[in-house]
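Novice: Dropping in my_file_32.csv, with CSV, C-alpha atoms.
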```
chain,number,residue,atom,x,y,z
A,820,MET,CA,0.0,0.0,0.0
A,821,ALA,CA,1.3,3.5,-0.8
A,822,MET,CA,2.3,5.4,2.3
A,823,ALA,CA,2.9,9.2,2.6
A,824,PHE,CA,4.5,11.0,5.5
A,825,PHE,CA,2.1,12.4,8.0
A,826,SER,CA,0.1,9.2,7.6
A,827,GLY,CA,0.5,8.5,11.3
A,828,SER,CA,3.0,8.1,14.1
A,829,ALA,CA,3.8,4.5,13.1
A,830,SER,CA,4.9,5.6,9.6
A,831,LYS,CA,7.2,8.2,11.1
A,832,LEU,CA,8.7,5.8,13.5
A,833,ILE,CA,9.3,3.2,10.8
A,834,PHE,CA,10.9,5.9,8.6
A,835,MET,CA,13.2,7.1,11.4
A,836,ALA,CA,14.3,3.6,12.3
A,837,ALA,CA,15.1,2.9,8.7
A,838,LEU,CA,16.8,6.2,8.4
A,839,ALA,CA,19.1,5.4,11.3
A,840,THR,CA,20.7,2.8,9.2
A,841,SER,CA,20.9,4.9,6.0
A,842,LEU,CA,23.7,7.1,4.8
A,843,PHE,CA,22.6,10.1,7.0
A,844,ALA,CA,25.9,10.2,8.8
A,845,HIS,CA,27.7,10.9,5.5
A,846,MET,CA,25.7,13.9,4.4
A,847,GLY,CA,28.6,16.4,5.0
A,848,LEU,CA,26.3,19.4,5.8
A,849,ALA,CA,28.1,22.4,7.2
A,850,ASP,CA,27.2,23.8,10.6
A,851,ASP,CA,26.0,27.0,9.0
A,852,PHE,CA,23.8,25.2,6.5
A,853,SER,CA,20.8,27.4,5.8
A,854,ILE,CA,18.2,28.1,3.1
A,855,VAL,CA,15.7,30.9,2.4
A,856,GLY,CA,12.6,30.2,4.4
A,857,TYR,CA,14.0,27.7,6.9
A,858,SER,CA,16.1,28.2,10.0
A,859,PRO,CA,19.6,26.6,10.3
A,860,ASP,CA,18.3,24.5,13.3
A,861,ASP,CA,15.9,22.8,10.9
A,862,LEU,CA,18.7,21.6,8.7
A,863,THR,CA,21.5,20.5,11.0
A,864,SER,CA,19.9,17.6,12.9
A,865,MET,CA,18.2,14.4,11.9
A,866,ASP,CA,14.9,15.5,13.4
A,867,GLY,CA,15.0,18.8,11.7
A,868,LEU,CA,15.7,17.3,8.3
A,869,ILE,CA,13.0,14.7,8.7
A,870,GLU,CA,10.4,17.3,9.8
A,871,LEU,CA,11.4,19.5,6.8
A,872,PHE,CA,11.0,16.5,4.4
A,873,GLU,CA,7.7,15.6,6.0
A,874,SER,CA,6.5,19.1,5.8
A,875,TRP,CA,7.5,19.3,2.1
A,876,ILE,CA,5.8,16.0,1.3
A,877,SER,CA,2.6,17.2,3.0
A,878,LYS,CA,2.7,20.5,1.1
A,879,HIS,CA,3.1,18.8,-2.3
A,880,GLY,CA,0.9,15.8,-1.7
A,881,LYS,CA,3.7,13.3,-2.4
A,882,ILE,CA,3.0,9.5,-1.9
A,883,TYR,CA,5.7,6.8,-2.0
A,884,GLU,CA,5.1,3.1,-2.4
A,885,SER,CA,7.5,1.8,0.2
A,886,ILE,CA,9.9,2.8,3.0
A,887,GLU,CA,12.8,2.0,0.6
A,888,GLU,CA,11.4,4.5,-1.9
A,889,LYS,CA,11.0,7.1,0.8
A,890,LEU,CA,14.6,6.7,1.9
A,891,HIS,CA,15.8,6.9,-1.7
A,892,ARG,CA,13.8,10.1,-2.2
A,893,PHE,CA,15.1,11.5,1.1
A,894,GLU,CA,18.6,11.0,-0.1
A,895,ILE,CA,17.9,12.9,-3.3
A,896,PHE,CA,16.0,15.6,-1.3
A,897,LYS,CA,19.1,16.1,0.9
A,898,ASP,CA,21.4,16.4,-2.1
A,899,ASN,CA,19.1,18.9,-3.7
A,900,LEU,CA,18.8,20.9,-0.5
A,901,LYS,CA,22.5,21.1,-0.2
A,902,HIS,CA,22.8,22.3,-3.8
A,903,ILE,CA,20.1,25.0,-3.2
A,904,ASP,CA,21.8,26.2,-0.1
A,905,GLU,CA,25.3,26.3,-1.6
A,906,THR,CA,24.0,28.2,-4.6
A,907,ASN,CA,22.2,30.8,-2.6
A,908,LYS,CA,25.3,31.5,-0.7
A,909,LYS,CA,27.3,32.2,-3.9
A,910,ILE,CA,24.7,34.0,-6.1
A,911,SER,CA,22.8,37.2,-5.3
A,912,SER,CA,21.0,38.1,-8.6
A,913,TYR,CA,18.6,35.2,-8.2
A,914,TRP,CA,17.8,32.5,-5.6
A,915,LEU,CA,16.7,28.9,-5.4
A,916,ALA,CA,14.2,27.2,-3.1
A,917,LEU,CA,12.6,23.8,-2.5
A,918,ASN,CA,9.7,23.2,-4.9
A,919,GLU,CA,7.8,20.1,-6.0
A,920,PHE,CA,10.8,18.8,-7.9
A,921,ALA,CA,13.0,18.5,-4.8
A,922,ASP,CA,12.7,14.7,-4.6
A,923,LEU,CA,13.8,14.2,-8.2
A,924,SER,CA,17.4,13.7,-9.4
A,925,HIS,CA,18.4,16.1,-12.0
A,926,ASP,CA,18.4,13.4,-14.7
A,927,GLU,CA,14.8,12.4,-13.7
A,928,PHE,CA,13.7,16.0,-13.9
A,929,LYS,CA,15.1,16.5,-17.4
A,930,ASP,CA,13.5,13.3,-18.6
A,931,ARG,CA,10.1,14.2,-17.3
A,932,TYR,CA,9.7,18.0,-17.7
A,933,LEU,CA,11.6,19.0,-20.9
A,934,GLY,CA,10.2,18.4,-24.3
A,935,PHE,CA,11.5,20.7,-27.0
A,936,LYS,CA,12.2,18.9,-30.2
A,937,THR,CA,15.6,19.9,-31.6
A,938,ASP,CA,15.2,18.2,-35.0
A,939,VAL,CA,14.4,21.3,-37.1
A,940,SER,CA,15.2,19.9,-40.5
A,941,THR,CA,11.9,21.1,-42.0
A,942,ARG,CA,11.8,24.4,-40.2
A,943,LYS,CA,12.1,27.3,-42.6
A,944,GLU,CA,14.9,29.8,-42.0
A,945,SER,CA,13.8,33.5,-41.7
A,946,ARG,CA,15.6,36.4,-43.3
A,947,ASP,CA,15.9,39.8,-41.8
A,948,GLU,CA,14.1,41.4,-44.7
A,949,GLU,CA,11.1,39.2,-44.0
A,950,PHE,CA,10.8,40.2,-40.4
A,951,ILE,CA,7.4,42.1,-40.2
A,952,TYR,CA,8.5,44.1,-37.1
A,953,LYS,CA,11.8,45.2,-38.6
A,954,GLY,CA,10.6,48.8,-38.9
A,955,VAL,CA,9.5,49.1,-35.2
A,956,LEU,CA,11.2,52.1,-33.6
A,957,ASP,CA,11.2,53.7,-30.2
A,958,LEU,CA,10.7,50.6,-28.1
A,959,PRO,CA,9.0,51.2,-24.8
A,960,LYS,CA,11.2,50.8,-21.8
A,961,SER,CA,9.1,47.9,-20.4
A,962,VAL,CA,6.2,45.7,-21.6
A,963,ASP,CA,4.2,43.3,-19.6
A,964,TRP,CA,1.4,41.5,-21.5
A,965,ARG,CA,0.0,40.1,-18.3
A,966,LYS,CA,-1.0,43.6,-17.3
A,967,LYS,CA,-2.5,44.2,-20.7
A,968,GLY,CA,-4.8,41.1,-20.3
A,969,ALA,CA,-3.2,39.0,-23.0
A,970,VAL,CA,-1.9,36.1,-20.8
A,971,THR,CA,-3.9,33.3,-19.3
A,972,PRO,CA,-3.1,31.9,-15.8
A,973,VAL,CA,0.0,29.7,-15.6
A,974,LYS,CA,-0.7,26.1,-16.6
A,975,ASN,CA,1.1,22.9,-15.7
A,976,GLN,CA,2.2,20.4,-18.3
A,977,GLY,CA,3.0,17.8,-15.6
A,978,SER,CA,5.4,14.9,-16.5
A,979,CYS,CA,4.4,15.0,-20.2
A,980,GLY,CA,7.0,16.6,-22.4
A,981,SER,CA,4.5,18.9,-24.0
A,982,CYS,CA,6.2,22.2,-23.4
A,983,TRP,CA,6.1,23.0,-27.1
A,984,ALA,CA,2.3,22.8,-27.1
A,985,PHE,CA,2.0,25.2,-24.1
A,986,SER,CA,4.4,27.7,-25.7
A,987,THR,CA,2.4,27.6,-28.9
A,988,VAL,CA,-0.9,28.0,-27.2
A,989,ALA,CA,0.2,30.9,-25.0
A,990,ALA,CA,1.4,32.8,-28.0
A,991,VAL,CA,-1.9,32.2,-29.8
A,992,GLU,CA,-3.9,33.2,-26.8
A,993,GLY,CA,-1.9,36.4,-26.7
A,994,ILE,CA,-2.4,37.5,-30.3
A,995,HIS,CA,-6.1,36.5,-30.2
A,996,GLN,CA,-6.7,38.8,-27.2
A,997,ILE,CA,-4.7,41.6,-28.7
A,998,VAL,CA,-6.8,41.5,-31.9
A,999,THR,CA,-10.2,40.6,-30.5
A,1000,GLY,CA,-10.1,41.8,-26.9
A,1001,ASN,CA,-11.1,38.3,-25.7
A,1002,LEU,CA,-8.7,36.3,-23.6
A,1003,THR,CA,-9.5,32.7,-24.2
A,1004,SER,CA,-7.7,29.6,-22.8
A,1005,LEU,CA,-6.9,27.2,-25.6
A,1006,SER,CA,-6.2,23.5,-25.9
A,1007,GLU,CA,-2.7,22.1,-25.6
A,1008,GLN,CA,-4.3,18.6,-25.6
A,1009,GLU,CA,-5.5,19.1,-29.2
A,1010,LEU,CA,-2.0,19.7,-30.3
A,1011,ILE,CA,-0.7,16.7,-28.4
A,1012,ASP,CA,-3.3,14.4,-29.8
A,1013,CYS,CA,-3.8,15.7,-33.4
A,1014,ASP,CA,-0.6,17.5,-34.5
A,1015,THR,CA,1.4,14.4,-35.2
A,1016,THR,CA,3.0,14.9,-38.6
A,1017,TYR,CA,6.2,16.4,-37.2
A,1018,ASN,CA,5.5,16.8,-33.5
A,1019,ASN,CA,5.5,13.9,-31.0
A,1020,GLY,CA,3.1,14.5,-28.2
A,1021,CYS,CA,4.6,14.0,-24.8
A,1022,HIS,CA,7.9,13.2,-26.4
A,1023,GLY,CA,8.7,16.6,-27.8
A,1024,GLY,CA,7.8,19.0,-30.5
A,1025,LEU,CA,8.4,22.4,-32.1
A,1026,MET,CA,6.3,25.5,-31.9
A,1027,ASP,CA,6.5,26.3,-35.7
A,1028,TYR,CA,5.1,23.0,-36.5
A,1029,ALA,CA,2.3,23.6,-34.1
A,1030,PHE,CA,1.5,27.0,-35.7
A,1031,SER,CA,1.4,25.3,-39.1
A,1032,TYR,CA,-1.0,22.7,-37.8
A,1033,ILE,CA,-3.4,25.4,-36.4
A,1034,ILE,CA,-3.4,27.2,-39.7
A,1035,ALA,CA,-4.0,24.0,-41.7
A,1036,ASN,CA,-6.7,22.8,-39.3
A,1037,GLY,CA,-8.6,26.0,-39.5
A,1038,GLY,CA,-8.1,26.8,-35.8
A,1039,ILE,CA,-7.6,25.4,-32.3
A,1040,HIS,CA,-10.3,24.5,-29.8
A,1041,LYS,CA,-10.9,26.1,-26.4
A,1042,GLU,CA,-9.4,24.5,-23.3
A,1043,ASN,CA,-12.8,23.8,-21.8
A,1044,ASP,CA,-13.9,21.9,-24.9
A,1045,TYR,CA,-10.7,19.9,-25.2
A,1046,PRO,CA,-9.2,19.7,-21.7
A,1047,TYR,CA,-5.6,18.7,-20.8
A,1048,ILE,CA,-5.1,15.1,-19.5
A,1049,MET,CA,-1.3,15.2,-19.0
A,1050,GLU,CA,-0.8,12.3,-21.5
A,1051,GLU,CA,-1.2,11.5,-25.1
A,1052,GLY,CA,-4.8,10.7,-26.2
A,1053,ILE,CA,-6.7,10.0,-29.4
A,1054,CYS,CA,-7.5,13.0,-31.6
A,1055,GLN,CA,-11.1,14.0,-31.0
A,1056,THR,CA,-12.5,14.6,-34.4
A,1057,ASN,CA,-16.0,14.8,-33.0
A,1058,LYS,CA,-15.3,18.3,-31.7
A,1059,GLU,CA,-15.1,19.8,-35.2
A,1060,GLU,CA,-18.4,21.8,-34.9
A,1061,LEU,CA,-17.3,23.6,-31.7
A,1062,GLU,CA,-15.9,27.1,-31.8
A,1063,VAL,CA,-12.2,27.5,-32.6
A,1064,VAL,CA,-9.7,30.3,-32.4
A,1065,THR,CA,-7.8,30.9,-35.7
A,1066,ILE,CA,-4.5,32.5,-36.7
A,1067,SER,CA,-3.5,33.8,-40.1
A,1068,GLY,CA,0.1,32.7,-40.1
A,1069,TYR,CA,3.3,32.8,-38.2
A,1070,HIS,CA,6.8,34.3,-38.5
A,1071,ASP,CA,10.3,33.5,-37.2
A,1072,VAL,CA,12.4,36.2,-35.6
A,1073,PRO,CA,15.9,36.5,-37.0
A,1074,ALA,CA,18.1,34.2,-34.9
A,1075,ASN,CA,20.4,35.5,-32.3
A,1076,ASN,CA,19.1,39.0,-32.6
A,1077,GLU,CA,17.9,40.3,-29.3
A,1078,GLU,CA,16.7,43.7,-30.7
A,1079,ALA,CA,14.5,41.9,-33.2
A,1080,MET,CA,13.1,39.7,-30.5
A,1081,LEU,CA,12.2,42.8,-28.3
A,1082,LYS,CA,10.6,44.4,-31.3
A,1083,ALA,CA,8.3,41.4,-31.7
A,1084,LEU,CA,7.7,41.2,-27.9
A,1085,ALA,CA,6.7,44.8,-27.8
A,1086,LYS,CA,3.8,43.9,-30.1
A,1087,GLN,CA,2.8,40.5,-28.7
A,1088,PRO,CA,3.8,37.5,-26.6
A,1089,VAL,CA,6.2,35.2,-28.5
A,1090,SER,CA,7.3,31.6,-28.3
A,1091,VAL,CA,10.9,31.0,-27.4
A,1092,ALA,CA,13.1,28.0,-26.9
A,1093,ILE,CA,15.7,27.8,-24.1
A,1094,GLU,CA,18.0,25.4,-22.4
A,1095,ALA,CA,16.3,24.6,-19.1
A,1096,SER,CA,18.2,21.5,-18.2
A,1097,GLY,CA,20.5,23.3,-15.7
A,1098,ARG,CA,20.1,22.3,-12.1
A,1099,ASN,CA,19.6,25.9,-11.0
A,1100,PHE,CA,16.7,26.3,-13.4
A,1101,GLN,CA,15.0,23.3,-11.8
A,1102,PHE,CA,14.9,25.1,-8.4
A,1103,TYR,CA,14.7,28.7,-9.5
A,1104,SER,CA,12.5,30.7,-7.1
A,1105,GLY,CA,13.0,34.4,-7.8
A,1106,GLY,CA,15.3,37.2,-9.1
A,1107,VAL,CA,16.8,37.8,-12.5
A,1108,PHE,CA,18.3,34.5,-13.7
A,1109,ASP,CA,21.6,34.8,-15.4
A,1110,GLY,CA,23.5,31.6,-15.3
A,1111,ARG,CA,24.5,28.0,-15.2
A,1112,CYS,CA,22.9,27.2,-18.6
A,1113,GLY,CA,24.2,26.8,-22.1
A,1114,SER,CA,22.3,27.2,-25.4
A,1115,ASP,CA,21.4,23.6,-26.3
A,1116,LEU,CA,17.6,24.2,-26.6
A,1117,ASP,CA,15.5,21.7,-24.8
A,1118,HIS,CA,12.4,23.6,-23.5
A,1119,GLY,CA,9.6,25.7,-25.1
A,1120,VAL,CA,8.3,28.7,-23.1
A,1121,THR,CA,6.6,32.0,-23.9
A,1122,ALA,CA,8.1,35.5,-23.5
A,1123,VAL,CA,5.4,37.8,-22.3
A,1124,GLY,CA,7.3,41.0,-21.6
A,1125,TYR,CA,10.6,42.7,-20.6
A,1126,GLY,CA,11.8,45.3,-18.2
A,1127,THR,CA,14.6,46.5,-15.9
A,1128,SER,CA,15.2,46.0,-12.2
A,1129,LYS,CA,17.9,47.8,-10.3
A,1130,GLY,CA,19.8,48.4,-13.5
A,1131,VAL,CA,19.5,44.8,-14.7
A,1132,ASP,CA,17.5,44.2,-17.9
A,1133,TYR,CA,15.4,41.1,-18.2
A,1134,ILE,CA,12.8,39.2,-20.2
A,1135,ILE,CA,9.6,37.9,-18.5
A,1136,VAL,CA,9.0,34.3,-19.4
A,1137,LYS,CA,5.9,32.2,-18.7
A,1138,ASN,CA,6.7,28.6,-18.0
A,1139,SER,CA,4.4,25.6,-17.9
A,1140,TRP,CA,5.4,24.0,-14.6
A,1141,GLY,CA,2.5,25.4,-12.6
A,1142,PRO,CA,2.3,28.5,-10.4
A,1143,LYS,CA,4.4,27.0,-7.5
A,1144,TRP,CA,7.5,27.1,-9.6
A,1145,GLY,CA,9.6,30.3,-9.8
A,1146,GLU,CA,7.9,33.7,-9.5
A,1147,ASN,CA,4.3,32.4,-9.5
A,1148,GLY,CA,5.1,30.3,-12.6
A,1149,TYR,CA,7.3,32.9,-14.3
A,1150,ILE,CA,11.0,33.5,-14.6
A,1151,ARG,CA,12.8,36.7,-15.3
A,1152,MET,CA,15.8,36.0,-17.5
A,1153,LYS,CA,18.6,38.5,-17.9
A,1154,ARG,CA,19.1,40.2,-21.3
A,1155,ASN,CA,21.9,42.3,-22.7
A,1156,ILE,CA,24.5,39.8,-21.6
A,1157,GLY,CA,26.8,40.4,-24.5
A,1158,LYS,CA,26.2,37.1,-26.3
A,1159,PRO,CA,24.0,37.0,-29.4
A,1160,GLU,CA,22.2,33.9,-28.3
A,1161,GLY,CA,21.2,35.4,-25.0
A,1162,VAL,CA,21.0,33.6,-21.6
A,1163,CYS,CA,20.1,30.0,-22.0
A,1164,GLY,CA,19.9,30.6,-25.8
A,1165,ILE,CA,16.7,32.5,-25.5
A,1166,ASN,CA,17.4,34.6,-28.7
A,1167,LYS,CA,18.2,31.6,-30.9
A,1168,MET,CA,14.7,30.4,-31.9
A,1169,VAL,CA,11.8,32.9,-31.5
A,1170,SER,CA,8.5,32.8,-33.4
A,1171,PHE,CA,5.1,34.3,-33.2
A,1172,PRO,CA,1.6,33.8,-34.7
A,1173,THR,CA,-0.2,36.5,-36.7
A,1174,LYS,CA,-3.9,37.1,-36.8
A,1175,ASN,CA,-5.9,39.4,-39.2
A,1176,ASN,CA,-8.5,41.8,-37.8
```
Starting from the file, lay out its structure as structure tokens.
Specialist:
Amino acid sequence: MAMAFFSGSASKLIFMAALATSLFAHMGLADDFSIVGYSPDDLTSMDGLIELFESWISKHGKIYESIEEKLHRFEIFKDNLKHIDETNKKISSYWLALNEFADLSHDEFKDRYLGFKTDVSTRKESRDEEFIYKGVLDLPKSVDWRKKGAVTPVKNQGSCGSCWAFSTVAAVEGIHQIVTGNLTSLSEQELIDCDTTYNNGCHGGLMDYAFSYIIANGGIHKENDYPYIMEEGICQTNKEELEVVTISGYHDVPANNEEAMLKALAKQPVSVAIEASGRNFQFYSGGVFDGRCGSDLDHGVTAVGYGTSKGVDYIIVKNSWGPKWGENGYIRMKRNIGKPEGVCGINKMVSFPTKNN
């Protein structure tokens, strides 16, 4: 039978007894071990760490199948906790914290929550002269499409590698609101189930392919009419008569051109690809993120604005890991870093849908 912490005193006693024979003595935590939101006393004793783990499990509703599995997850939890604490002591521009991913090894996290398809052999390359926002001048100092009513609440892809669908849908939701004035939550599930020519459901995809599908299909259904189930399903052709939201086309922003990306972002939310496989990205909690990532794109997200804080320029990015991750589901990523590809490669592959009035 599955057993969660806080399921009773017997469960806790069994866990503590088993823990006494584990590798707890070899943790190597420093006496000044600390983390944002928890006192040092919570983290320097067996009881403190157990209570912290139990509290975390209760908060996130975790259930484990056996004592052995709990012990295994506790070891991973301790290692992640140590990484979070050590990182927070070294970095001041952003900070990490325990979130729902704290019992996952980094390899497990990457396998479950990333899903950008890097095979772009059929993706058309854009040229600067084709960029429709090339002539945009006098960019505003800051833009936040959330405040303009063009961004739906943060969604959660779960352990399905469907980030590409969420990135696509958020961009379409944005341009639809800008053109029509109506903010409508749209269906990622439809893309997962039906857009299968080049995209691969929970196993990855590309936003351009998804834009092409929406155009060819004559639109995409509303979220309420085709809800998300966190796994691949059968394409629901019986929904054809329900209302859909359409787009007219899509465009790619010239690669590795931050100014061009900002010009597009000043006009609408845009789909972007980033490298999100860094361990610090897994536990990001707040601040302006500026490091420990390369530019090997593996995750699709949506840029919904930009701004400046304390002299540091950033891009506002909507993620699809739920509102408990990051800054209520968002991350601010540093811009103007002196590299054309941008932090985590955010300037490498940017695209956006268009919609006629």
Novice: In Å, with one decimal, what is the gap from atom CA of Asp957 of chain A to atom CA of Asn1176 of chain A?
Specialist: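 So the two atoms, atom CA of Asp957 of chain A and atom CA of Asn1176 of chain A, lie 24.2 Å apart.
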Novice: Taking a cut-off of 10 Å and counting only C-alpha atoms, can you build a table that, for each residue of segment 1122-1161 of chain A near segment 981-989 of chain A, reports the nearest atom pair and how far apart they are in Å (one decimal), sorted by chain then residue number, as CSV?
Specialist:
```
residue,atom,partner,partner_atom,distance
A:Ala1122,CA,A:Ser986,CA,8.9
A:Val1123,CA,A:Ala989,CA,9.1
A:Lys1137,CA,A:Ser986,CA,8.5
A:Asn1138,CA,A:Ser986,CA,8.1
A:Ser1139,CA,A:Phe985,CA,6.7
A:Trp1140,CA,A:Cys982,CA,9.0
```
Novice: Point out the residue among A:Glu992, A:Asp1109, A:Glu1009, A:Glu1094 with the least atom-to-atom distance to Thr1065 of chain A, counting all atoms listed in the file.
Specialist: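 Under the stated criterion, the closest residue is A:Glu992.
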Novice: Near Ser1170 of chain A, within 7 Å and counting only C-alpha atoms, which residues show up once chain neighbours fewer than 2 positions away are dropped, as a VMD selection string?
Specialist: chain A and resid 1070 to 1072 1089 to 1091 1168
Novice: Counting all atoms listed in the file, what are the residues of segment 1109-1167 of chain A within 6 Å of segment 912-935 of chain A, and for each of them which pair of atoms is the nearest and at what distance in Å, to one decimal? Sort the table by chain and rising number, as CSV.
Specialist:
```
residue,atom,partner,partner_atom,distance
A:Asp1117,CA,A:Phe935,CA,4.7
A:His1118,CA,A:Phe935,CA,4.6
A:Gly1119,CA,A:Phe935,CA,5.7
```
Novice: Kindly give the distance, in Å, that separates atom CA of Lys909 of chain A and atom CA of Arg1111 of chain A, rounded to a single decimal.
Specialist: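 Rounded to one decimal, the two atoms are 12.4 Å apart.
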Novice: In file coordinates, which residues lie within 12 Å of (13.7, 33.5, -24.5) using only C-alpha atoms, given as a count of residues only?
Specialist: 53
Novice: Pick out the closest residue to Phe1030 of chain A from this set: A:Phe950, A:Trp964, A:Tyr1069, A:Tyr1017. Count all atoms listed in the file.
Specialist: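 Selected residue with least distance to Phe1030 of chain A: A:Tyr1069.
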Novice: Can you tell me how far atom CA of Asn975 of chain A sits from atom CA of Val1107 of chain A, in Å to one decimal?
Specialist: 21.9 Å
Novice: Just the residues within 10 Å of Lys953 of chain A, please, counting all atoms listed in the file, with nothing from its chain fewer than 2 positions along; format it as a list in words.
Specialist: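 The residues that qualify are Asp947, Glu948, Glu949, Phe950, Ile951, Val955, Leu956, Val1072, Pro1073, Glu1078, Ala1079, Met1080, Lys1082 and Ala1083 of chain A.
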Novice: Can I get the selected residues back with C-alpha atoms, as a PDB file, keeping the file's coordinate frame?
Specialist:
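Once written, again_38.pdb looks like this:
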```
ATOM      1  CA  ASP A 947      15.900  39.800 -41.800  1.00  0.00           C
ATOM      2  CA  GLU A 948      14.100  41.400 -44.700  1.00  0.00           C
ATOM      3  CA  GLU A 949      11.100  39.200 -44.000  1.00  0.00           C
ATOM      4  CA  PHE A 950      10.800  40.200 -40.400  1.00  0.00           C
ATOM      5  CA  ILE A 951       7.400  42.100 -40.200  1.00  0.00           C
ATOM      6  CA  VAL A 955       9.500  49.100 -35.200  1.00  0.00           C
ATOM      7  CA  LEU A 956      11.200  52.100 -33.600  1.00  0.00           C
ATOM      8  CA  VAL A1072      12.400  36.200 -35.600  1.00  0.00           C
ATOM      9  CA  PRO A1073      15.900  36.500 -37.000  1.00  0.00           C
ATOM     10  CA  GLU A1078      16.700  43.700 -30.700  1.00  0.00           C
ATOM     11  CA  ALA A1079      14.500  41.900 -33.200  1.00  0.00           C
ATOM     12  CA  MET A1080      13.100  39.700 -30.500  1.00  0.00           C
ATOM     13  CA  LYS A1082      10.600  44.400 -31.300  1.00  0.00           C
ATOM     14  CA  ALA A1083       8.300  41.400 -31.700  1.00  0.00           C
TER      15      ALA A1083
END
```
